[in-house]
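Below is work_34.pdb, holding PDB, C-alpha atoms, pLDDT in the B column.
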```
ATOM      1  CA  MET A 268       4.708  14.768  47.988  1.00 38.00           C
ATOM      2  CA  ILE A 269       3.274  14.042  44.502  1.00 38.00           C
ATOM      3  CA  SER A 270       0.163  16.025  43.706  1.00 41.00           C
ATOM      4  CA  ALA A 271      -3.038  14.423  42.482  1.00 40.00           C
ATOM      5  CA  ALA A 272      -2.670  16.312  39.208  1.00 40.00           C
ATOM      6  CA  LEU A 273       0.808  14.878  38.621  1.00 37.00           C
ATOM      7  CA  LEU A 274      -0.383  11.359  39.396  1.00 38.00           C
ATOM      8  CA  LEU A 275      -3.172  11.792  36.840  1.00 37.00           C
ATOM      9  CA  ALA A 276      -0.729  13.057  34.220  1.00 38.00           C
ATOM     10  CA  LEU A 277       1.575  10.089  34.807  1.00 36.00           C
ATOM     11  CA  ALA A 278      -1.337   7.720  34.476  1.00 38.00           C
ATOM     12  CA  LEU A 279      -2.370   9.270  31.178  1.00 36.00           C
ATOM     13  CA  VAL A 280       1.164   9.054  29.792  1.00 34.00           C
ATOM     14  CA  GLY A 281       1.291   5.378  30.653  1.00 38.00           C
ATOM     15  CA  SER A 282      -2.007   4.519  29.029  1.00 36.00           C
ATOM     16  CA  VAL A 283      -2.279   2.957  25.558  1.00 36.00           C
ATOM     17  CA  ASN A 284      -4.712   4.435  23.088  1.00 40.00           C
ATOM     18  CA  THR A 285      -5.568   2.260  20.086  1.00 39.00           C
ATOM     19  CA  ALA A 286      -8.478   4.342  18.813  1.00 43.00           C
ATOM     20  CA  PRO A 287      -8.103   6.023  15.420  1.00 48.00           C
ATOM     21  CA  VAL A 288      -7.400   9.723  15.048  1.00 41.00           C
ATOM     22  CA  GLU A 289      -9.268  11.449  12.236  1.00 40.00           C
ATOM     23  CA  LEU A 290      -7.594  13.610   9.605  1.00 36.00           C
ATOM     24  CA  ASN A 291      -8.243  16.904  11.391  1.00 32.00           C
ATOM     25  CA  SER A 292      -6.370  15.748  14.501  1.00 35.00           C
ATOM     26  CA  PRO A 293      -3.290  17.869  15.344  1.00 29.00           C
ATOM     27  CA  ALA A 294      -1.311  14.628  15.593  1.00 36.00           C
ATOM     28  CA  VAL A 295      -1.804  13.695  11.973  1.00 35.00           C
ATOM     29  CA  GLY A 296       0.548  16.192  10.329  1.00 33.00           C
ATOM     30  CA  ASN A 297       3.671  14.544  11.709  1.00 32.00           C
ATOM     31  CA  HIS A 298       2.697  11.207  10.237  1.00 33.00           C
ATOM     32  CA  ILE A 299       2.145  12.681   6.777  1.00 33.00           C
ATOM     33  CA  SER A 300       5.585  14.291   6.713  1.00 35.00           C
ATOM     34  CA  ARG A 301       7.350  11.094   7.829  1.00 45.00           C
ATOM     35  CA  ARG A 302       5.778   8.704   5.329  1.00 55.00           C
ATOM     36  CA  ALA A 303       8.489   6.793   3.497  1.00 71.00           C
ATOM     37  CA  LEU A 304       6.610   5.280   0.539  1.00 87.00           C
ATOM     38  CA  PRO A 305       9.016   5.451  -2.433  1.00 95.00           C
ATOM     39  CA  THR A 306       7.984   8.583  -4.319  1.00 96.00           C
ATOM     40  CA  PRO A 307       6.077   7.686  -7.490  1.00 98.00           C
ATOM     41  CA  VAL A 308       6.980   9.146 -10.863  1.00 98.00           C
ATOM     42  CA  SER A 309       5.516  12.514 -11.810  1.00 98.00           C
ATOM     43  CA  ALA A 310       2.051  12.786 -13.343  1.00 98.00           C
ATOM     44  CA  GLU A 311       3.636  13.672 -16.680  1.00 98.00           C
ATOM     45  CA  THR A 312       5.810  10.555 -16.595  1.00 98.00           C
ATOM     46  CA  ALA A 313       2.853   8.449 -15.467  1.00 98.00           C
ATOM     47  CA  ARG A 314       0.840   9.655 -18.455  1.00 98.00           C
ATOM     48  CA  SER A 315       3.728   8.715 -20.741  1.00 98.00           C
ATOM     49  CA  TYR A 316       4.058   5.283 -19.131  1.00 98.00           C
ATOM     50  CA  LEU A 317       0.314   4.700 -19.407  1.00 98.00           C
ATOM     51  CA  ALA A 318       0.354   5.415 -23.129  1.00 98.00           C
ATOM     52  CA  SER A 319       2.868   2.606 -23.637  1.00 98.00           C
ATOM     53  CA  LEU A 320       1.033  -0.089 -21.658  1.00 98.00           C
ATOM     54  CA  THR A 321      -0.610  -2.955 -23.515  1.00 98.00           C
ATOM     55  CA  VAL A 322      -4.405  -2.768 -23.448  1.00 98.00           C
ATOM     56  CA  GLU A 323      -6.112  -6.152 -23.299  1.00 98.00           C
ATOM     57  CA  PRO A 324      -8.866  -7.948 -21.385  1.00 98.00           C
ATOM     58  CA  GLU A 325      -7.933  -9.488 -18.052  1.00 98.00           C
ATOM     59  CA  SER A 326      -7.533 -13.267 -17.958  1.00 98.00           C
ATOM     60  CA  ASN A 327      -7.823 -15.522 -14.926  1.00 98.00           C
ATOM     61  CA  SER A 328      -6.817 -18.678 -16.758  1.00 97.00           C
ATOM     62  CA  PRO A 329      -5.168 -20.488 -15.093  1.00 97.00           C
ATOM     63  CA  ALA A 330      -6.988 -19.471 -11.927  1.00 98.00           C
ATOM     64  CA  TYR A 331      -5.325 -17.103  -9.479  1.00 98.00           C
ATOM     65  CA  ASN A 332      -3.892 -18.552  -6.275  1.00 98.00           C
ATOM     66  CA  ARG A 333      -2.448 -16.205  -3.644  1.00 97.00           C
ATOM     67  CA  ASP A 334       0.097 -18.861  -2.655  1.00 97.00           C
ATOM     68  CA  LEU A 335       1.802 -18.330  -6.010  1.00 98.00           C
ATOM     69  CA  PHE A 336       3.040 -14.947  -4.681  1.00 98.00           C
ATOM     70  CA  PRO A 337       5.191 -15.934  -1.651  1.00 98.00           C
ATOM     71  CA  HIS A 338       5.046 -13.267   1.069  1.00 97.00           C
ATOM     72  CA  TRP A 339       5.981 -12.024   3.535  1.00 97.00           C
ATOM     73  CA  ILE A 340       9.684 -12.897   3.157  1.00 98.00           C
ATOM     74  CA  THR A 341      12.591 -12.119   5.488  1.00 97.00           C
ATOM     75  CA  ILE A 342      14.119  -8.733   4.675  1.00 97.00           C
ATOM     76  CA  SER A 343      16.702  -8.220   7.414  1.00 95.00           C
ATOM     77  CA  GLY A 344      17.461 -10.179  10.583  1.00 95.00           C
ATOM     78  CA  SER A 345      14.123 -11.317  12.007  1.00 96.00           C
ATOM     79  CA  CYS A 346      12.106  -8.669  10.136  1.00 97.00           C
ATOM     80  CA  ASN A 347       9.841  -9.707   7.277  1.00 98.00           C
ATOM     81  CA  THR A 348       8.337  -7.462   4.613  1.00 98.00           C
ATOM     82  CA  ARG A 349       5.256  -6.508   6.625  1.00 98.00           C
ATOM     83  CA  GLU A 350       7.309  -5.628   9.681  1.00 98.00           C
ATOM     84  CA  THR A 351       9.745  -3.624   7.561  1.00 97.00           C
ATOM     85  CA  VAL A 352       6.935  -1.543   6.037  1.00 98.00           C
ATOM     86  CA  LEU A 353       5.349  -1.004   9.465  1.00 98.00           C
ATOM     87  CA  LYS A 354       8.651   0.429  10.718  1.00 97.00           C
ATOM     88  CA  ARG A 355       9.148   2.478   7.557  1.00 97.00           C
ATOM     89  CA  ASP A 356       5.654   3.983   7.454  1.00 97.00           C
ATOM     90  CA  GLY A 357       5.067   4.401  11.170  1.00 97.00           C
ATOM     91  CA  THR A 358       6.138   7.006  13.685  1.00 96.00           C
ATOM     92  CA  GLY A 359       7.818   6.110  16.972  1.00 97.00           C
ATOM     93  CA  VAL A 360       7.609   2.398  16.171  1.00 97.00           C
ATOM     94  CA  VAL A 361       8.997   0.073  18.855  1.00 97.00           C
ATOM     95  CA  THR A 362       9.583  -3.603  18.058  1.00 97.00           C
ATOM     96  CA  ASP A 363      10.304  -6.663  20.172  1.00 96.00           C
ATOM     97  CA  THR A 364      13.095  -9.201  19.610  1.00 95.00           C
ATOM     98  CA  SER A 365      11.082 -10.915  16.864  1.00 96.00           C
ATOM     99  CA  CYS A 366      10.571  -7.556  15.061  1.00 97.00           C
ATOM    100  CA  ALA A 367       6.842  -7.384  15.861  1.00 97.00           C
ATOM    101  CA  SER A 368       5.658  -3.791  16.405  1.00 97.00           C
ATOM    102  CA  THR A 369       4.631  -3.309  20.036  1.00 97.00           C
ATOM    103  CA  SER A 370       3.873   0.408  19.875  1.00 97.00           C
ATOM    104  CA  GLY A 371       3.861   3.349  17.488  1.00 97.00           C
ATOM    105  CA  SER A 372       1.403   5.160  15.238  1.00 97.00           C
ATOM    106  CA  TRP A 373       0.462   4.708  11.602  1.00 98.00           C
ATOM    107  CA  TYR A 374      -1.212   7.251   9.349  1.00 97.00           C
ATOM    108  CA  SER A 375      -3.305   5.721   6.553  1.00 97.00           C
ATOM    109  CA  PRO A 376      -3.199   7.995   3.485  1.00 96.00           C
ATOM    110  CA  TYR A 377      -6.136   6.217   1.864  1.00 97.00           C
ATOM    111  CA  ASP A 378      -8.649   7.468   4.432  1.00 97.00           C
ATOM    112  CA  GLY A 379      -6.758   9.995   6.583  1.00 96.00           C
ATOM    113  CA  VAL A 380      -6.909   8.010   9.835  1.00 97.00           C
ATOM    114  CA  THR A 381      -4.092   7.414  12.330  1.00 97.00           C
ATOM    115  CA  TRP A 382      -3.907   4.125  14.234  1.00 98.00           C
ATOM    116  CA  PHE A 383      -1.984   3.218  17.371  1.00 98.00           C
ATOM    117  CA  ALA A 384      -1.968  -0.586  17.107  1.00 97.00           C
ATOM    118  CA  ALA A 385      -0.242  -2.519  14.326  1.00 97.00           C
ATOM    119  CA  ALA A 386      -3.138  -4.987  14.317  1.00 97.00           C
ATOM    120  CA  ASP A 387      -5.344  -2.235  12.838  1.00 98.00           C
ATOM    121  CA  VAL A 388      -3.023  -1.771   9.867  1.00 98.00           C
ATOM    122  CA  ASP A 389      -2.646  -3.836   6.695  1.00 98.00           C
ATOM    123  CA  ILE A 390       0.155  -3.633   4.161  1.00 98.00           C
ATOM    124  CA  ASP A 391      -1.563  -2.944   0.863  1.00 98.00           C
ATOM    125  CA  HIS A 392      -0.196  -4.032  -2.498  1.00 98.00           C
ATOM    126  CA  VAL A 393      -0.990  -0.910  -4.534  1.00 98.00           C
ATOM    127  CA  VAL A 394      -1.393  -3.159  -7.568  1.00 98.00           C
ATOM    128  CA  PRO A 395      -3.103  -6.163  -5.956  1.00 98.00           C
ATOM    129  CA  LEU A 396      -1.686  -9.633  -6.413  1.00 98.00           C
ATOM    130  CA  LYS A 397      -4.718 -10.915  -8.318  1.00 98.00           C
ATOM    131  CA  GLU A 398      -4.742  -7.791 -10.489  1.00 98.00           C
ATOM    132  CA  ALA A 399      -1.122  -8.527 -11.369  1.00 98.00           C
ATOM    133  CA  TRP A 400      -2.013 -12.164 -12.101  1.00 98.00           C
ATOM    134  CA  VAL A 401      -4.799 -11.341 -14.554  1.00 98.00           C
ATOM    135  CA  SER A 402      -2.623  -8.626 -16.141  1.00 98.00           C
ATOM    136  CA  GLY A 403       0.354 -10.838 -16.940  1.00 98.00           C
ATOM    137  CA  ALA A 404       1.940 -12.218 -13.768  1.00 98.00           C
ATOM    138  CA  ARG A 405       0.411 -15.627 -14.497  1.00 98.00           C
ATOM    139  CA  TYR A 406       3.282 -16.039 -16.988  1.00 98.00           C
ATOM    140  CA  TRP A 407       5.999 -15.220 -14.439  1.00 98.00           C
ATOM    141  CA  THR A 408       8.151 -17.581 -12.426  1.00 98.00           C
ATOM    142  CA  THR A 409       7.453 -17.990  -8.713  1.00 98.00           C
ATOM    143  CA  ALA A 410      10.645 -16.036  -7.993  1.00 98.00           C
ATOM    144  CA  GLN A 411       9.383 -13.111 -10.080  1.00 98.00           C
ATOM    145  CA  ARG A 412       6.029 -13.158  -8.309  1.00 98.00           C
ATOM    146  CA  GLN A 413       7.792 -13.232  -4.943  1.00 98.00           C
ATOM    147  CA  ALA A 414       9.849 -10.177  -5.908  1.00 98.00           C
ATOM    148  CA  PHE A 415       6.655  -8.355  -6.910  1.00 98.00           C
ATOM    149  CA  ALA A 416       4.800  -9.263  -3.719  1.00 98.00           C
ATOM    150  CA  ASN A 417       7.646  -7.985  -1.519  1.00 98.00           C
ATOM    151  CA  ASP A 418       8.852  -4.999  -3.565  1.00 98.00           C
ATOM    152  CA  LEU A 419      10.161  -2.256  -1.283  1.00 98.00           C
ATOM    153  CA  THR A 420      11.792  -0.271  -4.106  1.00 97.00           C
ATOM    154  CA  ARG A 421       8.769   0.630  -6.207  1.00 98.00           C
ATOM    155  CA  PRO A 422       5.738   2.448  -4.677  1.00 98.00           C
ATOM    156  CA  GLN A 423       3.920  -0.873  -4.291  1.00 98.00           C
ATOM    157  CA  LEU A 424       3.634  -1.505  -0.533  1.00 98.00           C
ATOM    158  CA  ILE A 425       1.986   0.879   1.932  1.00 98.00           C
ATOM    159  CA  ALA A 426       0.566   0.678   5.461  1.00 98.00           C
ATOM    160  CA  VAL A 427      -3.154   1.507   5.493  1.00 98.00           C
ATOM    161  CA  THR A 428      -6.312   0.959   7.546  1.00 98.00           C
ATOM    162  CA  ASP A 429      -7.074  -2.766   7.479  1.00 98.00           C
ATOM    163  CA  ASP A 430     -10.795  -2.398   6.681  1.00 98.00           C
ATOM    164  CA  VAL A 431     -10.004  -0.053   3.799  1.00 98.00           C
ATOM    165  CA  ASN A 432      -7.499  -2.494   2.344  1.00 98.00           C
ATOM    166  CA  GLN A 433     -10.031  -5.304   2.592  1.00 98.00           C
ATOM    167  CA  ALA A 434     -12.709  -3.172   0.930  1.00 98.00           C
ATOM    168  CA  LYS A 435     -10.310  -2.432  -1.943  1.00 98.00           C
ATOM    169  CA  GLY A 436      -9.620  -6.140  -2.476  1.00 98.00           C
ATOM    170  CA  ASP A 437      -8.299  -6.792  -5.981  1.00 98.00           C
ATOM    171  CA  GLN A 438     -10.037  -3.848  -7.653  1.00 98.00           C
ATOM    172  CA  ASP A 439      -8.315  -1.507 -10.097  1.00 98.00           C
ATOM    173  CA  PRO A 440      -8.811   2.300 -10.216  1.00 98.00           C
ATOM    174  CA  ALA A 441     -11.860   1.951 -12.476  1.00 98.00           C
ATOM    175  CA  GLU A 442     -13.537   0.151  -9.561  1.00 98.00           C
ATOM    176  CA  TRP A 443     -11.930   1.618  -6.422  1.00 98.00           C
ATOM    177  CA  MET A 444      -9.971   4.707  -5.391  1.00 98.00           C
ATOM    178  CA  PRO A 445      -8.806   6.035  -2.002  1.00 97.00           C
ATOM    179  CA  SER A 446     -11.475   8.169  -0.344  1.00 97.00           C
ATOM    180  CA  LEU A 447      -8.960  10.887   0.603  1.00 96.00           C
ATOM    181  CA  ALA A 448      -8.970  13.261  -2.375  1.00 96.00           C
ATOM    182  CA  SER A 449      -5.499  14.635  -1.632  1.00 96.00           C
ATOM    183  CA  TYR A 450      -3.939  11.191  -2.128  1.00 96.00           C
ATOM    184  CA  LYS A 451      -5.645  10.167  -5.350  1.00 97.00           C
ATOM    185  CA  CYS A 452      -2.983  11.523  -7.702  1.00 98.00           C
ATOM    186  CA  THR A 453      -0.207   9.860  -5.721  1.00 97.00           C
ATOM    187  CA  TYR A 454      -2.114   6.588  -5.888  1.00 98.00           C
ATOM    188  CA  LEU A 455      -2.607   6.854  -9.643  1.00 98.00           C
ATOM    189  CA  ARG A 456       1.050   7.685 -10.237  1.00 98.00           C
ATOM    190  CA  ALA A 457       2.114   4.730  -8.095  1.00 98.00           C
ATOM    191  CA  TRP A 458      -0.304   2.367  -9.860  1.00 98.00           C
ATOM    192  CA  VAL A 459       0.972   3.257 -13.321  1.00 98.00           C
ATOM    193  CA  GLU A 460       4.631   3.139 -12.297  1.00 98.00           C
ATOM    194  CA  VAL A 461       4.252  -0.386 -10.897  1.00 98.00           C
ATOM    195  CA  LYS A 462       2.323  -1.608 -13.951  1.00 98.00           C
ATOM    196  CA  TYR A 463       4.933  -0.094 -16.254  1.00 98.00           C
ATOM    197  CA  TYR A 464       7.937  -1.469 -14.365  1.00 98.00           C
ATOM    198  CA  TYR A 465       6.521  -4.995 -14.339  1.00 98.00           C
ATOM    199  CA  ASN A 466       5.184  -4.791 -17.917  1.00 98.00           C
ATOM    200  CA  LEU A 467       1.631  -5.533 -16.825  1.00 98.00           C
ATOM    201  CA  SER A 468      -1.316  -4.833 -19.118  1.00 98.00           C
ATOM    202  CA  VAL A 469      -4.351  -2.645 -18.453  1.00 98.00           C
ATOM    203  CA  ASP A 470      -7.927  -3.320 -19.508  1.00 98.00           C
ATOM    204  CA  SER A 471      -9.865  -0.693 -21.451  1.00 98.00           C
ATOM    205  CA  ALA A 472     -11.939   0.590 -18.512  1.00 98.00           C
ATOM    206  CA  GLU A 473      -8.843   0.805 -16.338  1.00 98.00           C
ATOM    207  CA  LYS A 474      -6.901   2.769 -18.963  1.00 98.00           C
ATOM    208  CA  SER A 475      -9.810   5.140 -19.564  1.00 98.00           C
ATOM    209  CA  THR A 476     -10.139   5.885 -15.847  1.00 98.00           C
ATOM    210  CA  LEU A 477      -6.387   6.338 -15.407  1.00 98.00           C
ATOM    211  CA  SER A 478      -6.197   8.661 -18.412  1.00 98.00           C
ATOM    212  CA  ASN A 479      -9.108  10.796 -17.272  1.00 98.00           C
ATOM    213  CA  LEU A 480      -7.956  11.108 -13.668  1.00 98.00           C
ATOM    214  CA  LEU A 481      -4.269  11.668 -14.443  1.00 98.00           C
ATOM    215  CA  ALA A 482      -5.225  14.503 -16.763  1.00 98.00           C
ATOM    216  CA  SER A 483      -6.091  16.617 -13.731  1.00 97.00           C
ATOM    217  CA  CYS A 484      -3.035  15.657 -11.651  1.00 97.00           C
TER     218      CYS A 484
END
```
Represent the supplied structure as structure tokens.
Amino acid sequence: MISAALLLALALVGSVNTAPVELNSPAVGNHISRRALPTPVSAETARSYLASLTVEPESNSPAYNRDLFPHWITISGSCNTRETVLKRDGTGVVTDTSCASTSGSWYSPYDGVTWFAAADVDIDHVVPLKEAWVSGARYWTTAQRQAFANDLTRPQLIAVTDDVNQAKGDQDPAEWMPSLASYKCTYLRAWVEVKYYYNLSVDSAEKSTLSNLLASC
């Protein structure tokens, strides 16, 4: 005969919890250690890269259009870029036949929250698409912009809390930084590496902020 306690335990195991877990949750540590964002260059290298970037005002002429950066593209089988990053950055991710994530957990390093539903997670472009456009991508071909928007090799795509990603928008580090202090240096290193690799410019306020913050990394 199954005890009432065992029935309760089975019921709890079978339940689905989509609420976020804050940073001090015991569950969070596993997600930090399993994150697979390509490791950015060192702070020293980032400072060197930053010194070589062209400094010029941003230009939105011609006007930015998100459709000029085709995404998400098919990466493997039925999996597109978003689904690939969800599997890469998540823990215990289960997908259906169309590669959609049906269960798993995702730790957002921007704000230190863990989510249990893929719908609560966005894939952030570390250097936003519009930021790239006004920094030089307006001169690229569509194929080059597609490669940028779906880049899994550089530290450019990361799964984060959807509201946080939306609050960031197209802002650069002079205007927005992750709230989690322990991730700020990683974010700065990633930002500079992506800008350097794609030969994108920085504006004066952006460079000043990057220089000042990287100095303490």
So that I can check the surroundings of region 391-394 of chain A, please list as a PyMOL selection string every protein, DNA and RNA residue that reaches within 10 Å of it, counting only C-alpha atoms and ignoring chain neighbours fewer than 5 positions away.
chain A and resi 349+399+415-418+422-429+431-433+435-440+454-455+457-462
Here CA of Ser402 (chain A) and CA of Ser449 (chain A) stand apart by 27.6 Å
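Computed from the coordinates, the CA of Ser471 (chain A) to CA of Ser319 (chain A) distance equals 13.3 Å.
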Can you pull out every residue within 10 Å of Gln413 (chain A), counting all atoms listed in the file, but drop anything in the same chain fewer than 5 positions away, and send it as a compact mmCIF listing (two decimals) with C-alpha atoms, in the coordinates of the input?
```
# COMPACT_ATOMS: atom_id res chain seq x y z
CA ASP A 334 0.10 -18.86 -2.66
CA LEU A 335 1.80 -18.33 -6.01
CA PHE A 336 3.04 -14.95 -4.68
CA PRO A 337 5.19 -15.93 -1.65
CA HIS A 338 5.05 -13.27 1.07
CA TRP A 339 5.98 -12.02 3.54
CA ILE A 340 9.68 -12.90 3.16
CA TRP A 407 6.00 -15.22 -14.44
CA THR A 408 8.15 -17.58 -12.43
CA ASP A 418 8.85 -5.00 -3.56
```
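Pairwise distance (CA of Thr369 (chain A), CA of Ala303 (chain A)) equals 19.8 Å.
All residues of protein, DNA or RNA that reach within 9 Å of Gly359 (chain A), judged by only C-alpha atoms and not counting those fewer than 4 positions away in the chain, are Lys354, Ser370, Gly371 and Ser372 of chain A.
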Query raised in the report: What do you get, as a PyMOL selection string, if you spell out every residue that the PyMOL selection byres ((chain A and resi 473) around 12) selects here?
Result: chain A and resi 317+320-325+398+402+438-444+455+458-459+462+468-472+474-481
Keeping C-alpha atoms, export the residues of the selection given above as an mmCIF file, in the coordinates of the input.
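That gives us part01.cif:
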```cif
data_model
loop_
_atom_site.group_PDB
_atom_site.id
_atom_site.type_symbol
_atom_site.label_atom_id
_atom_site.label_comp_id
_atom_site.auth_asym_id
_atom_site.auth_seq_id
_atom_site.Cartn_x
_atom_site.Cartn_y
_atom_site.Cartn_z
ATOM 1 C CA LEU A 317 0.314 4.700 -19.407
ATOM 2 C CA LEU A 320 1.033 -0.089 -21.658
ATOM 3 C CA THR A 321 -0.610 -2.955 -23.515
ATOM 4 C CA VAL A 322 -4.405 -2.768 -23.448
ATOM 5 C CA GLU A 323 -6.112 -6.152 -23.299
ATOM 6 C CA PRO A 324 -8.866 -7.948 -21.385
ATOM 7 C CA GLU A 325 -7.933 -9.488 -18.052
ATOM 8 C CA GLU A 398 -4.742 -7.791 -10.489
ATOM 9 C CA SER A 402 -2.623 -8.626 -16.141
ATOM 10 C CA GLN A 438 -10.037 -3.848 -7.653
ATOM 11 C CA ASP A 439 -8.315 -1.507 -10.097
ATOM 12 C CA PRO A 440 -8.811 2.300 -10.216
ATOM 13 C CA ALA A 441 -11.860 1.951 -12.476
ATOM 14 C CA GLU A 442 -13.537 0.151 -9.561
ATOM 15 C CA TRP A 443 -11.930 1.618 -6.422
ATOM 16 C CA MET A 444 -9.971 4.707 -5.391
ATOM 17 C CA LEU A 455 -2.607 6.854 -9.643
ATOM 18 C CA TRP A 458 -0.304 2.367 -9.860
ATOM 19 C CA VAL A 459 0.972 3.257 -13.321
ATOM 20 C CA LYS A 462 2.323 -1.608 -13.951
ATOM 21 C CA SER A 468 -1.316 -4.833 -19.118
ATOM 22 C CA VAL A 469 -4.351 -2.645 -18.453
ATOM 23 C CA ASP A 470 -7.927 -3.320 -19.508
ATOM 24 C CA SER A 471 -9.865 -0.693 -21.451
ATOM 25 C CA ALA A 472 -11.939 0.590 -18.512
ATOM 26 C CA LYS A 474 -6.901 2.769 -18.963
ATOM 27 C CA SER A 475 -9.810 5.140 -19.564
ATOM 28 C CA THR A 476 -10.139 5.885 -15.847
ATOM 29 C CA LEU A 477 -6.387 6.338 -15.407
ATOM 30 C CA SER A 478 -6.197 8.661 -18.412
ATOM 31 C CA ASN A 479 -9.108 10.796 -17.272
ATOM 32 C CA LEU A 480 -7.956 11.108 -13.668
ATOM 33 C CA LEU A 481 -4.269 11.668 -14.443
#
```
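Applied to this file, the PyMOL selection byres ((chain A and resi 363-365) around 10) selects A:Gly344, A:Ser345, A:Cys346, A:Asn347, A:Glu350, A:Val361, A:Thr362, A:Cys366, A:Ala367, A:Ser368, A:Thr369, A:Ser370.
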I want to know what sits within 12 Å of Tyr406 (chain A), based on all atoms listed in the file, with residues of the same chain fewer than 5 positions away left out; could you give that as a PDB file with C-alpha atoms, keeping the file's coordinate frame?
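The resulting file, out-v5.pdb, is reproduced below:
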```
ATOM      1  CA  SER A 326      -7.533 -13.267 -17.958  1.00 98.00           C
ATOM      2  CA  ASN A 327      -7.823 -15.522 -14.926  1.00 98.00           C
ATOM      3  CA  SER A 328      -6.817 -18.678 -16.758  1.00 97.00           C
ATOM      4  CA  PRO A 329      -5.168 -20.488 -15.093  1.00 97.00           C
ATOM      5  CA  ALA A 330      -6.988 -19.471 -11.927  1.00 98.00           C
ATOM      6  CA  TYR A 331      -5.325 -17.103  -9.479  1.00 98.00           C
ATOM      7  CA  LEU A 335       1.802 -18.330  -6.010  1.00 98.00           C
ATOM      8  CA  ALA A 399      -1.122  -8.527 -11.369  1.00 98.00           C
ATOM      9  CA  TRP A 400      -2.013 -12.164 -12.101  1.00 98.00           C
ATOM     10  CA  VAL A 401      -4.799 -11.341 -14.554  1.00 98.00           C
ATOM     11  CA  GLN A 411       9.383 -13.111 -10.080  1.00 98.00           C
ATOM     12  CA  ARG A 412       6.029 -13.158  -8.309  1.00 98.00           C
ATOM     13  CA  TYR A 465       6.521  -4.995 -14.339  1.00 98.00           C
ATOM     14  CA  ASN A 466       5.184  -4.791 -17.917  1.00 98.00           C
ATOM     15  CA  LEU A 467       1.631  -5.533 -16.825  1.00 98.00           C
TER      16      LEU A 467
END
```
